[in-house]
file input28.pdb (PDB, C-alpha atoms)
ATOM      1  CA  MET A   1      19.515 -32.141 -46.217
ATOM      2  CA  ASN A   2      21.449 -34.767 -44.418
ATOM      3  CA  ASN A   3      21.801 -34.875 -40.635
ATOM      4  CA  ASN A   4      25.195 -33.116 -40.576
ATOM      5  CA  GLN A   5      24.167 -30.025 -42.528
ATOM      6  CA  PHE A   6      22.190 -27.110 -41.113
ATOM      7  CA  SER A   7      20.092 -24.522 -42.853
ATOM      8  CA  LYS A   8      21.629 -21.084 -43.421
ATOM      9  CA  ASN A   9      18.984 -19.696 -41.046
ATOM     10  CA  ALA A  10      19.673 -22.224 -38.315
ATOM     11  CA  ILE A  11      20.422 -21.008 -34.827
ATOM     12  CA  SER A  12      22.493 -22.810 -32.250
ATOM     13  CA  HIS A  13      21.243 -23.714 -28.822
ATOM     14  CA  ARG A  14      23.727 -21.260 -27.288
ATOM     15  CA  GLU A  15      22.485 -18.375 -29.468
ATOM     16  CA  LEU A  16      18.895 -19.242 -28.692
ATOM     17  CA  ASN A  17      19.696 -19.269 -24.991
ATOM     18  CA  ASP A  18      21.383 -15.854 -25.276
ATOM     19  CA  PHE A  19      18.284 -14.447 -26.970
ATOM     20  CA  LEU A  20      16.105 -15.874 -24.234
ATOM     21  CA  ILE A  21      18.214 -14.289 -21.496
ATOM     22  CA  LYS A  22      18.247 -10.895 -23.227
ATOM     23  CA  ALA A  23      14.536 -10.994 -24.108
ATOM     24  CA  LYS A  24      12.174  -8.667 -22.280
ATOM     25  CA  LYS A  25       9.886 -10.138 -19.692
ATOM     26  CA  ASP A  26       6.407 -11.088 -20.747
ATOM     27  CA  ILE A  27       4.271  -7.954 -20.784
ATOM     28  CA  SER A  28       1.284  -9.762 -19.274
ATOM     29  CA  SER A  29       3.267 -10.657 -16.152
ATOM     30  CA  ILE A  30       4.423  -7.047 -15.809
ATOM     31  CA  ASN A  31       0.869  -5.773 -16.234
ATOM     32  CA  THR A  32      -0.404  -8.230 -13.626
ATOM     33  CA  SER A  33       2.221  -7.027 -11.171
ATOM     34  CA  GLU A  34       1.369  -3.383 -11.834
ATOM     35  CA  ASN A  35      -2.358  -4.098 -11.504
ATOM     36  CA  ASN A  36      -1.790  -5.824  -8.160
ATOM     37  CA  GLN A  37       0.220  -2.842  -6.945
ATOM     38  CA  ILE A  38      -2.449  -0.365  -8.106
ATOM     39  CA  LYS A  39      -5.165  -2.455  -6.451
ATOM     40  CA  GLY A  40      -3.150  -2.578  -3.217
ATOM     41  CA  ASN A  41      -2.634   1.194  -3.291
ATOM     42  CA  GLN A  42      -6.341   1.796  -3.884
ATOM     43  CA  GLU A  43      -7.289  -0.506  -1.012
ATOM     44  CA  PHE A  44      -4.772   1.224   1.263
ATOM     45  CA  ASN A  45      -6.113   4.668   0.319
ATOM     46  CA  ILE A  46      -9.689   3.571   1.031
ATOM     47  CA  LEU A  47      -8.655   2.267   4.452
ATOM     48  CA  ILE A  48      -6.710   5.452   5.239
ATOM     49  CA  LYS A  49      -9.681   7.615   4.272
ATOM     50  CA  ALA A  50     -12.054   5.569   6.450
ATOM     51  CA  TRP A  51      -9.590   5.644   9.355
ATOM     52  CA  SER A  52      -9.138   9.398   9.004
ATOM     53  CA  GLU A  53     -12.887  10.057   9.008
ATOM     54  CA  THR A  54     -13.435   7.772  11.996
ATOM     55  CA  SER A  55     -10.545   9.335  13.900
ATOM     56  CA  GLN A  56     -11.921  12.835  13.319
ATOM     57  CA  LYS A  57     -15.358  11.732  14.559
ATOM     58  CA  ILE A  58     -13.791  10.255  17.699
ATOM     59  CA  LEU A  59     -11.931  13.495  18.392
ATOM     60  CA  LEU A  60     -15.105  15.528  17.894
ATOM     61  CA  MET A  61     -16.994  13.299  20.301
ATOM     62  CA  MET A  62     -14.188  13.453  22.853
ATOM     63  CA  ASN A  63     -14.126  17.258  22.687
ATOM     64  CA  ARG A  64     -17.899  17.714  22.590
ATOM     65  CA  ASP A  65     -18.879  15.163  25.237
ATOM     66  CA  GLN A  66     -16.102  15.676  27.772
ATOM     67  CA  LYS A  67     -18.549  15.502  30.670
ATOM     68  CA  ILE A  68     -19.803  12.065  29.594
ATOM     69  CA  LEU A  69     -16.265  10.753  29.232
ATOM     70  CA  SER A  70     -15.123  12.128  32.567
ATOM     71  CA  GLU A  71     -18.072  11.054  34.749
ATOM     72  CA  ASN A  72     -17.271   8.192  37.107
ATOM     73  CA  ARG A  73     -13.805   7.667  35.651
ATOM     74  CA  ASN A  74     -10.655   7.277  37.638
ATOM     75  CA  PRO A  75      -7.682   9.551  36.911
ATOM     76  CA  ARG A  76      -5.831   6.833  34.988
ATOM     77  CA  SER A  77      -8.758   6.424  32.582
ATOM     78  CA  LEU A  78      -8.906  10.161  32.019
ATOM     79  CA  MET A  79      -5.170  10.257  31.315
ATOM     80  CA  ALA A  80      -5.560   7.334  28.912
ATOM     81  CA  TYR A  81      -8.330   9.137  27.005
ATOM     82  CA  GLY A  82      -6.177  12.242  26.835
ATOM     83  CA  ALA A  83      -3.224  10.256  25.529
ATOM     84  CA  MET A  84      -5.433   8.539  22.974
ATOM     85  CA  GLY A  85      -6.698  11.902  21.737
ATOM     86  CA  ALA A  86      -3.149  13.242  21.484
ATOM     87  CA  HIS A  87      -1.989  10.199  19.527
ATOM     88  CA  ILE A  88      -4.936  10.403  17.143
ATOM     89  CA  ASN A  89      -4.125  14.074  16.537
ATOM     90  CA  MET A  90      -0.465  13.271  15.873
ATOM     91  CA  ALA A  91      -1.408  10.463  13.501
ATOM     92  CA  LEU A  92      -3.735  12.768  11.557
ATOM     93  CA  GLN A  93      -0.976  15.378  11.322
ATOM     94  CA  ALA A  94       1.443  12.714  10.089
ATOM     95  CA  LEU A  95      -1.099  11.686   7.452
ATOM     96  CA  LYS A  96      -1.392  15.300   6.269
ATOM     97  CA  ALA A  97       2.400  15.490   6.028
ATOM     98  CA  THR A  98       2.495  12.410   3.793
ATOM     99  CA  GLU A  99      -0.217  13.845   1.568
ATOM    100  CA  SER A 100       1.871  16.950   0.921
ATOM    101  CA  ASP A 101       4.590  14.705  -0.588
ATOM    102  CA  GLN A 102       2.210  13.319  -3.189
TER     103      GLN A 102
END
call {"tool": "encode", "arguments": {"input": "input28.pdb", "output": "structure tokens"}}
result
Amino acid sequence: MNNNQFSKNAISHRELNDFLIKAKKDISSINTSENNQIKGNQEFNILIKAWSETSQKILLMMNRDQKILSENRNPRSLMAYGAMGAHINMALQALKATESDQ
């Protein structure tokens, strides 16, 4: 073959470029992305579970040991504890609402 003739199976640079653009992404990069997302979801779920358990323990202690929490506290502290308990309860209810979507 001389330099001016191409094989019947030859492909031009433009055609090769078109194939490259239309080609699917590398599966390994997709799998890595999916694995990172799954790992992030698992880590998030572990943290949520730990937070939920800790929050429930705090609420139990606040309800059970009210006398200890209220002794020698000024009214602002008592209001702050009450607000904290209310917010923890609301957050736990919000968590339950998100779990019903799944």
call {"tool": "atom_distance", "arguments": {"input": "input28.pdb", "atom1": "atom CA of Ile48 of chain A", "atom2": "atom CA of Leu92 of chain A"}}
result
10.1 Å
call {"tool": "closest_residue", "arguments": {"input": "input28.pdb", "among": "A:Ile88, A:Leu20, A:Ala97, A:Ala10", "to": "Leu60 of chain A", "atoms": "all atoms listed in the file"}}
result
A:Ile88
call {"tool": "atom_distance", "arguments": {"input": "input28.pdb", "atom1": "atom CA of Lys96 of chain A", "atom2": "atom CA of Asn63 of chain A"}}
result
20.9 Å
call {"tool": "atom_distance", "arguments": {"input": "input28.pdb", "atom1": "atom CA of Ala83 of chain A", "atom2": "atom CA of Glu43 of chain A"}}
result
28.9 Å
call {"tool": "axis_aligned_box", "arguments": {"input": "input28.pdb", "around": "segment 56-60 of chain A", "padding_each_side": "8 Å", "output": "AutoDock Vina command-line options"}}
result
--center_x -13.6 --center_y 12.9 --center_z 15.9 --size_x 19.4 --size_y 21.3 --size_z 21.1
